[in-house]
>>> print(open('protein.csv').read())   # CSV, C-alpha atoms
chain,number,residue,atom,x,y,z
A,1,MET,CA,5.0,4.1,-10.4
A,2,SER,CA,7.2,3.8,-7.4
A,3,PHE,CA,9.2,0.7,-6.4
A,4,ARG,CA,6.9,0.2,-3.4
A,5,GLU,CA,3.8,0.4,-5.5
A,6,LYS,CA,5.2,-2.1,-8.0
A,7,MET,CA,6.1,-4.5,-5.2
A,8,HIS,CA,2.6,-4.2,-3.9
A,9,TRP,CA,1.2,-5.2,-7.3
A,10,ALA,CA,3.7,-8.1,-7.5
A,11,SER,CA,2.7,-9.4,-4.0
A,12,LEU,CA,-1.0,-9.0,-4.8
A,13,VAL,CA,-0.7,-11.0,-8.0
A,14,ALA,CA,1.5,-13.6,-6.4
A,15,ILE,CA,-0.9,-14.1,-3.5
A,16,LEU,CA,-3.9,-14.3,-5.7
A,17,LEU,CA,-2.3,-16.8,-8.0
A,18,GLY,CA,-0.7,-18.9,-5.3
A,19,PHE,CA,-3.5,-19.0,-2.8
A,20,GLY,CA,-6.1,-19.0,-5.6
A,21,PHE,CA,-4.6,-22.3,-6.8
A,22,TYR,CA,-4.4,-23.6,-3.2
A,23,PHE,CA,-8.0,-23.0,-2.4
A,24,PHE,CA,-9.2,-24.1,-5.9
A,25,THR,CA,-7.4,-27.4,-5.3
A,26,LEU,CA,-8.8,-27.6,-1.8
A,27,HIS,CA,-12.3,-27.1,-3.2
A,28,THR,CA,-12.0,-29.5,-6.2
A,29,ILE,CA,-10.0,-32.3,-4.5
A,30,PRO,CA,-11.3,-32.2,-0.9
A,31,HIS,CA,-10.5,-35.8,0.2
A,32,THR,CA,-6.8,-36.0,-0.4
A,33,SER,CA,-4.5,-36.6,2.6
A,34,HIS,CA,-3.5,-33.7,4.8
A,35,ASP,CA,0.2,-34.2,3.9
A,36,TYR,CA,-0.7,-33.3,0.3
A,37,TYR,CA,-2.1,-30.0,1.4
A,38,ILE,CA,0.9,-29.2,3.6
A,39,GLY,CA,3.1,-29.9,0.7
A,40,LEU,CA,0.9,-27.7,-1.5
A,41,LEU,CA,1.0,-24.9,1.0
A,42,ILE,CA,4.8,-25.1,1.3
A,43,GLY,CA,4.9,-24.9,-2.6
A,44,VAL,CA,2.5,-21.9,-2.6
A,45,ILE,CA,4.7,-20.1,0.0
A,46,GLY,CA,7.8,-20.9,-2.1
A,47,PHE,CA,6.1,-19.6,-5.2
A,48,ILE,CA,5.2,-16.3,-3.5
A,49,ILE,CA,8.7,-15.8,-2.1
A,50,ALA,CA,10.2,-16.6,-5.6
A,51,VAL,CA,7.8,-14.1,-7.4
A,52,MET,CA,8.6,-11.4,-4.8
A,53,THR,CA,12.4,-12.0,-5.0
A,54,ILE,CA,12.4,-11.9,-8.8
A,55,ALA,CA,10.1,-8.8,-8.9
A,56,ALA,CA,12.3,-7.0,-6.4
A,57,ILE,CA,15.5,-7.8,-8.4
A,58,ILE,CA,13.8,-6.6,-11.7
A,59,PHE,CA,12.3,-3.5,-10.2
A,60,ALA,CA,15.6,-2.6,-8.4
A,61,ILE,CA,17.5,-3.0,-11.7
A,62,GLN,CA,15.0,-0.7,-13.4
A,63,ASN,CA,15.4,2.0,-10.8
A,64,SER,CA,17.9,1.3,-8.0
A,65,LYS,CA,17.7,4.8,-6.5
A,66,ASP,CA,13.9,4.4,-6.0
A,67,ALA,CA,14.4,0.9,-4.6
A,68,HIS,CA,16.7,2.2,-1.9
A,69,ALA,CA,14.5,5.2,-1.0
A,70,ARG,CA,13.2,5.2,2.6
A,71,ALA,CA,9.5,5.2,3.3
A,72,ASP,CA,8.3,8.7,3.8
A,73,GLU,CA,5.2,10.0,5.7
A,74,ARG,CA,2.8,9.3,2.8
A,75,ASP,CA,4.1,5.7,2.5
A,76,ARG,CA,3.7,5.2,6.3
A,77,LEU,CA,0.2,6.7,6.3
A,78,ILE,CA,-0.9,4.5,3.3
A,79,HIS,CA,0.6,1.5,5.1
A,80,MET,CA,-1.3,2.2,8.3
A,81,ARG,CA,-4.6,2.7,6.4
A,82,GLY,CA,-4.2,-0.6,4.7
A,83,THR,CA,-3.3,-2.4,7.9
A,84,HIS,CA,-6.3,-0.7,9.7
A,85,LEU,CA,-8.8,-2.0,7.1
A,86,ALA,CA,-7.2,-5.5,7.2
A,87,TYR,CA,-7.6,-5.6,11.0
A,88,TYR,CA,-11.4,-5.5,10.6
A,89,ILE,CA,-11.3,-8.5,8.4
A,90,LEU,CA,-9.1,-10.4,10.9
A,91,VAL,CA,-11.5,-9.5,13.8
A,92,LEU,CA,-14.5,-10.7,11.9
A,93,GLY,CA,-12.7,-13.8,10.8
A,94,VAL,CA,-11.6,-14.7,14.3
A,95,TRP,CA,-15.2,-14.3,15.6
A,96,ALA,CA,-16.6,-16.4,12.7
A,97,LEU,CA,-14.0,-19.1,13.4
A,98,ALA,CA,-14.7,-19.1,17.1
A,99,PHE,CA,-18.3,-19.8,16.4
A,100,ALA,CA,-17.4,-22.4,13.8
A,101,ALA,CA,-15.2,-24.2,16.4
A,102,HIS,CA,-18.0,-24.0,19.0
A,103,TYR,CA,-20.4,-25.7,16.6
A,104,GLY,CA,-18.0,-28.6,16.1
A,105,HIS,CA,-16.2,-28.0,12.7
A,106,GLY,CA,-13.1,-30.1,12.3
A,107,MET,CA,-9.5,-29.0,12.6
A,108,PHE,CA,-8.9,-29.2,8.9
A,109,PHE,CA,-11.8,-26.9,8.1
A,110,LEU,CA,-10.8,-24.5,10.8
A,111,LEU,CA,-7.1,-24.3,9.8
A,112,ASN,CA,-8.0,-23.7,6.2
A,113,SER,CA,-10.6,-21.1,7.1
A,114,MET,CA,-8.1,-19.3,9.2
A,115,LEU,CA,-5.7,-19.4,6.3
A,116,PHE,CA,-8.4,-18.0,4.0
A,117,VAL,CA,-9.1,-15.1,6.5
A,118,LEU,CA,-5.4,-14.3,6.6
A,119,VAL,CA,-5.1,-14.3,2.8
A,120,LEU,CA,-8.3,-12.2,2.5
A,121,ALA,CA,-7.0,-9.7,5.1
A,122,GLU,CA,-3.7,-9.5,3.2
A,123,CYS,CA,-5.4,-8.9,-0.1
A,124,ILE,CA,-7.5,-6.1,1.5
A,125,ARG,CA,-4.4,-4.6,3.0
A,126,ILE,CA,-2.5,-4.5,-0.3
A,127,GLY,CA,-5.5,-3.5,-2.3
A,128,ALA,CA,-6.3,-0.6,0.0
A,129,GLN,CA,-2.7,0.5,-0.2
A,130,LEU,CA,-2.7,0.3,-4.0
A,131,TYR,CA,-6.0,2.3,-4.1
A,132,HIS,CA,-4.5,5.1,-2.0
A,133,TYR,CA,-1.3,5.2,-4.0
A,134,ARG,CA,-3.4,5.7,-7.1
A,135,LYS,CA,-6.3,7.8,-5.9
A,136,GLY,CA,-4.6,9.7,-3.1
A,137,TYR,CA,-4.9,9.8,0.6
B,138,MET,CA,-11.2,10.5,-2.7
B,139,ALA,CA,-12.6,13.9,-1.5
B,140,ARG,CA,-10.9,16.9,-3.0
B,141,LEU,CA,-8.6,18.7,-0.6
B,142,PRO,CA,-9.8,22.2,0.4
B,143,PHE,CA,-6.5,23.8,-0.5
B,144,GLY,CA,-4.3,24.1,-3.5
B,145,ASN,CA,-0.7,24.9,-4.0
B,146,GLU,CA,1.8,26.7,-6.2
B,147,ILE,CA,4.6,24.1,-5.9
B,148,LYS,CA,4.7,23.4,-9.7
B,149,THR,CA,5.0,27.1,-10.5
B,150,LEU,CA,7.6,27.7,-7.7
B,151,ARG,CA,9.6,24.7,-9.0
B,152,PHE,CA,9.7,26.2,-12.4
B,153,LEU,CA,10.7,29.6,-11.1
B,154,SER,CA,13.5,27.9,-9.1
B,155,GLY,CA,15.5,26.9,-12.1
B,156,GLU,CA,13.1,24.2,-13.3
B,157,MET,CA,13.7,22.2,-10.1
B,158,THR,CA,12.5,18.6,-10.6
B,159,GLN,CA,10.0,16.8,-8.3
B,160,GLY,CA,12.8,14.5,-7.3
B,161,GLU,CA,15.2,17.3,-6.4
B,162,LEU,CA,12.5,19.0,-4.3
B,163,GLY,CA,11.7,15.6,-2.7
B,164,GLU,CA,15.3,15.1,-1.7
B,165,ARG,CA,15.6,18.5,-0.1
B,166,VAL,CA,12.3,18.1,1.8
B,167,GLY,CA,12.9,14.4,2.7
B,168,VAL,CA,10.1,12.8,0.9
B,169,THR,CA,9.9,10.8,-2.4
B,170,ARG,CA,9.3,12.2,-5.8
B,171,GLN,CA,5.9,10.4,-5.8
B,172,THR,CA,4.9,12.3,-2.7
B,173,ILE,CA,5.8,15.6,-4.2
B,174,ALA,CA,3.7,14.7,-7.3
B,175,ALA,CA,0.8,13.6,-5.1
B,176,ILE,CA,0.9,16.9,-3.2
B,177,GLU,CA,1.0,18.9,-6.5
B,178,GLN,CA,-2.0,17.1,-7.8
B,179,GLY,CA,-4.0,17.6,-4.6
B,180,LYS,CA,-4.0,13.8,-3.9
B,181,TYR,CA,-2.1,14.0,-0.6
B,182,SER,CA,-2.3,16.5,2.3
B,183,PRO,CA,1.2,16.8,3.6
B,184,SER,CA,2.0,17.1,7.3
B,185,LEU,CA,2.6,20.6,8.6
B,186,GLU,CA,6.3,19.8,8.9
B,187,VAL,CA,6.6,18.8,5.2
B,188,ALA,CA,4.5,21.9,4.2
B,189,PHE,CA,7.0,24.1,6.1
B,190,ARG,CA,10.0,22.4,4.6
B,191,ILE,CA,8.6,22.9,1.1
B,192,ALA,CA,8.0,26.6,1.8
B,193,ARG,CA,11.5,27.0,3.2
B,194,VAL,CA,13.1,25.5,0.1
B,195,PHE,CA,11.4,28.2,-2.0
B,196,GLU,CA,12.1,30.8,0.8
B,197,LYS,CA,8.4,31.8,0.8
B,198,PRO,CA,5.9,32.0,3.6
B,199,LEU,CA,3.5,29.0,3.9
B,200,GLU,CA,0.6,31.0,2.5
B,201,GLU,CA,2.4,31.7,-0.7
B,202,VAL,CA,2.9,28.0,-1.3
B,203,PHE,CA,-0.4,26.6,-0.1
B,204,ARG,CA,-3.7,28.5,-0.5
B,205,TRP,CA,-7.1,27.7,1.0
B,206,GLU,CA,-9.7,27.2,-1.7
B,207,ASP,CA,-12.9,26.5,0.2
B,208,ALA,CA,-15.7,29.0,-0.2
B,209,GLU,CA,-15.9,29.5,3.6
>>> encode(input="protein.csv", output="structure tokens")
Amino acid sequence: MSFREKMHWASLVAILLGFGFYFFTLHTIPHTSHDYYIGLLIGVIGFIIAVMTIAAIIFAIQNSKDAHARADERDRLIHMRGTHLAYYILVLGVWALAFAAHYGHGMFFLLNSMLFVLVLAECIRIGAQLYHYRKGY
Amino acid sequence: MARLPFGNEIKTLRFLSGEMTQGELGERVGVTRQTIAAIEQGKYSPSLEVAFRIARVFEKPLEEVFRWEDAE
């Protein structure tokens, strides 16, 4: 497994754990102050950055040559494919949120829904890339 | 993923070229070892440029490295 593929796995796991915890908390404790959620969000982002940094260090130590290898045409194609799929999620999310705003949903709901769409798009992007790294392109 | 309509002789040619590794071929062609492995396994269709670069490493015409396998 290449350094890039390992890093994709690390980021997918970190995002699922971090934002999974965030949205689970949001769902189970819905009436806490907004400051609490801002703090929680900063904590989640810090967690993801920490996981990615530690993963990058460990994987680079395991194979430093692979870690320094530049992306080739296959890497770039797989990246574009993942980004292309994620774009559809973002477009659908924007339209859904536009309708939600029109029908009077509050700012807190809209902001967290926007965050959810972003996280979902990111998971689709990374998941698609991992699929193509494994199954081919 | 759909199977590619062409195969290749890269693995054999590597062996005949002093048991060249995938990494060595990748370095000479300008792609990663994983990309060479994916091409060999028919999981990735390389660009025309990379296909020509691979053929040039083995000093073979393109048709001796890649072969069309479709019934048509």
>>> atom_distance(input="protein.csv", atom1="CA of Pro142 in chain B", atom2="CA of Gln171 in chain B")
20.6 Å
>>> closest_residue(input="protein.csv", among="B:Ala174, B:Ile147, B:Leu185, B:Val168", to="Glu201 in chain B", atoms="all atoms listed in the file")
B:Ile147
>>> interface_residues(input="protein.csv", of="chain B", to="chain A", cutoff="10 Å", atoms="only C-alpha atoms", output="list of chain:residue names")
B:Met138, B:Ala139, B:Arg140, B:Leu141, B:Glu164, B:Gly167, B:Val168, B:Thr169, B:Arg170, B:Gln171, B:Thr172, B:Ile173, B:Ala175, B:Ile176, B:Gln178, B:Gly179, B:Lys180, B:Tyr181, B:Ser182, B:Pro183, B:Ser184, B:Val187
>>> write_last_selection(input="protein.csv", atoms="C-alpha atoms", output="PDB file, in the frame of the given file")
ATOM      1  CA  MET B 138     -11.200  10.500  -2.700  1.00  0.00           C
ATOM      2  CA  ALA B 139     -12.600  13.900  -1.500  1.00  0.00           C
ATOM      3  CA  ARG B 140     -10.900  16.900  -3.000  1.00  0.00           C
ATOM      4  CA  LEU B 141      -8.600  18.700  -0.600  1.00  0.00           C
ATOM      5  CA  GLU B 164      15.300  15.100  -1.700  1.00  0.00           C
ATOM      6  CA  GLY B 167      12.900  14.400   2.700  1.00  0.00           C
ATOM      7  CA  VAL B 168      10.100  12.800   0.900  1.00  0.00           C
ATOM      8  CA  THR B 169       9.900  10.800  -2.400  1.00  0.00           C
ATOM      9  CA  ARG B 170       9.300  12.200  -5.800  1.00  0.00           C
ATOM     10  CA  GLN B 171       5.900  10.400  -5.800  1.00  0.00           C
ATOM     11  CA  THR B 172       4.900  12.300  -2.700  1.00  0.00           C
ATOM     12  CA  ILE B 173       5.800  15.600  -4.200  1.00  0.00           C
ATOM     13  CA  ALA B 175       0.800  13.600  -5.100  1.00  0.00           C
ATOM     14  CA  ILE B 176       0.900  16.900  -3.200  1.00  0.00           C
ATOM     15  CA  GLN B 178      -2.000  17.100  -7.800  1.00  0.00           C
ATOM     16  CA  GLY B 179      -4.000  17.600  -4.600  1.00  0.00           C
ATOM     17  CA  LYS B 180      -4.000  13.800  -3.900  1.00  0.00           C
ATOM     18  CA  TYR B 181      -2.100  14.000  -0.600  1.00  0.00           C
ATOM     19  CA  SER B 182      -2.300  16.500   2.300  1.00  0.00           C
ATOM     20  CA  PRO B 183       1.200  16.800   3.600  1.00  0.00           C
ATOM     21  CA  SER B 184       2.000  17.100   7.300  1.00  0.00           C
ATOM     22  CA  VAL B 187       6.600  18.800   5.200  1.00  0.00           C
TER      23      VAL B 187
END
>>> atom_distance(input="protein.csv", atom1="CA of Arg204 in chain B", atom2="CA of Gly155 in chain B")
22.5 Å
>>> atom_distance(input="protein.csv", atom1="CA of Gly82 in chain A", atom2="CA of Gly127 in chain A")
7.7 Å
>>> residues_near_point(input="protein.csv", point="(1.6, 25.0, -0.4)", cutoff="7 Å", atoms="all atoms listed in the file", output="ChimeraX atom specification")
/B:144-147,188,192,199-204
>>> residues_around(input="protein.csv", residues="range 109-115 of chain A", least_positions_apart="4", cutoff="10 Å", atoms="all atoms listed in the file", output="PyMOL selection string")
chain A and resi 19+23+26+37+90+93-94+96-98+100-101+104-105+119-121
>>> residues_near_point(input="protein.csv", point="(8.5, -8.7, -6.1)", cutoff="6 Å", atoms="only C-alpha atoms", output="list in words")
Met7, Ala10, Val51, Met52, Thr53, Ile54, Ala55 and Ala56 of chain A
>>> decode(input="protein.csv", residues="range 68-108 of chain A", atoms="C-alpha atoms", output="tab-separated table (two decimals), in the first residue's frame")
chain	number	residue	atom	x	y	z
A	68	HIS	CA	8.62	11.80	-0.94
A	69	ALA	CA	7.43	10.36	-4.27
A	70	ARG	CA	5.61	12.89	-6.43
A	71	ALA	CA	2.05	12.18	-7.55
A	72	ASP	CA	2.04	10.52	-10.96
A	73	GLU	CA	-0.69	10.45	-13.63
A	74	ARG	CA	-2.62	7.63	-11.89
A	75	ASP	CA	-2.61	9.51	-8.57
A	76	ARG	CA	-3.87	12.65	-10.31
A	77	LEU	CA	-6.61	10.76	-12.18
A	78	ILE	CA	-7.80	9.05	-9.01
A	79	HIS	CA	-7.77	12.40	-7.20
A	80	MET	CA	-9.86	13.99	-9.96
A	81	ARG	CA	-12.33	11.10	-9.94
A	82	GLY	CA	-12.86	11.43	-6.19
A	83	THR	CA	-13.23	15.20	-6.37
A	84	HIS	CA	-15.67	14.86	-9.28
A	85	LEU	CA	-17.95	12.56	-7.27
A	86	ALA	CA	-17.76	14.77	-4.17
A	87	TYR	CA	-18.81	17.76	-6.28
A	88	TYR	CA	-22.25	16.17	-6.90
A	89	ILE	CA	-22.76	15.77	-3.15
A	90	LEU	CA	-21.85	19.43	-2.62
A	91	VAL	CA	-24.24	20.59	-5.36
A	92	LEU	CA	-27.12	18.54	-3.94
A	93	GLY	CA	-26.29	19.78	-0.45
A	94	VAL	CA	-26.26	23.43	-1.50
A	95	TRP	CA	-29.67	23.07	-3.16
A	96	ALA	CA	-31.12	21.26	-0.15
A	97	LEU	CA	-29.77	23.95	2.20
A	98	ALA	CA	-31.08	26.72	-0.04
A	99	PHE	CA	-34.57	25.23	0.26
A	100	ALA	CA	-34.10	24.70	4.01
A	101	ALA	CA	-33.15	28.38	4.41
A	102	HIS	CA	-36.12	29.45	2.31
A	103	TYR	CA	-38.48	27.50	4.55
A	104	GLY	CA	-37.20	29.23	7.66
A	105	HIS	CA	-34.75	26.83	9.32
A	106	GLY	CA	-32.50	28.52	11.87
A	107	MET	CA	-28.86	29.46	11.45
A	108	PHE	CA	-27.66	26.73	13.85
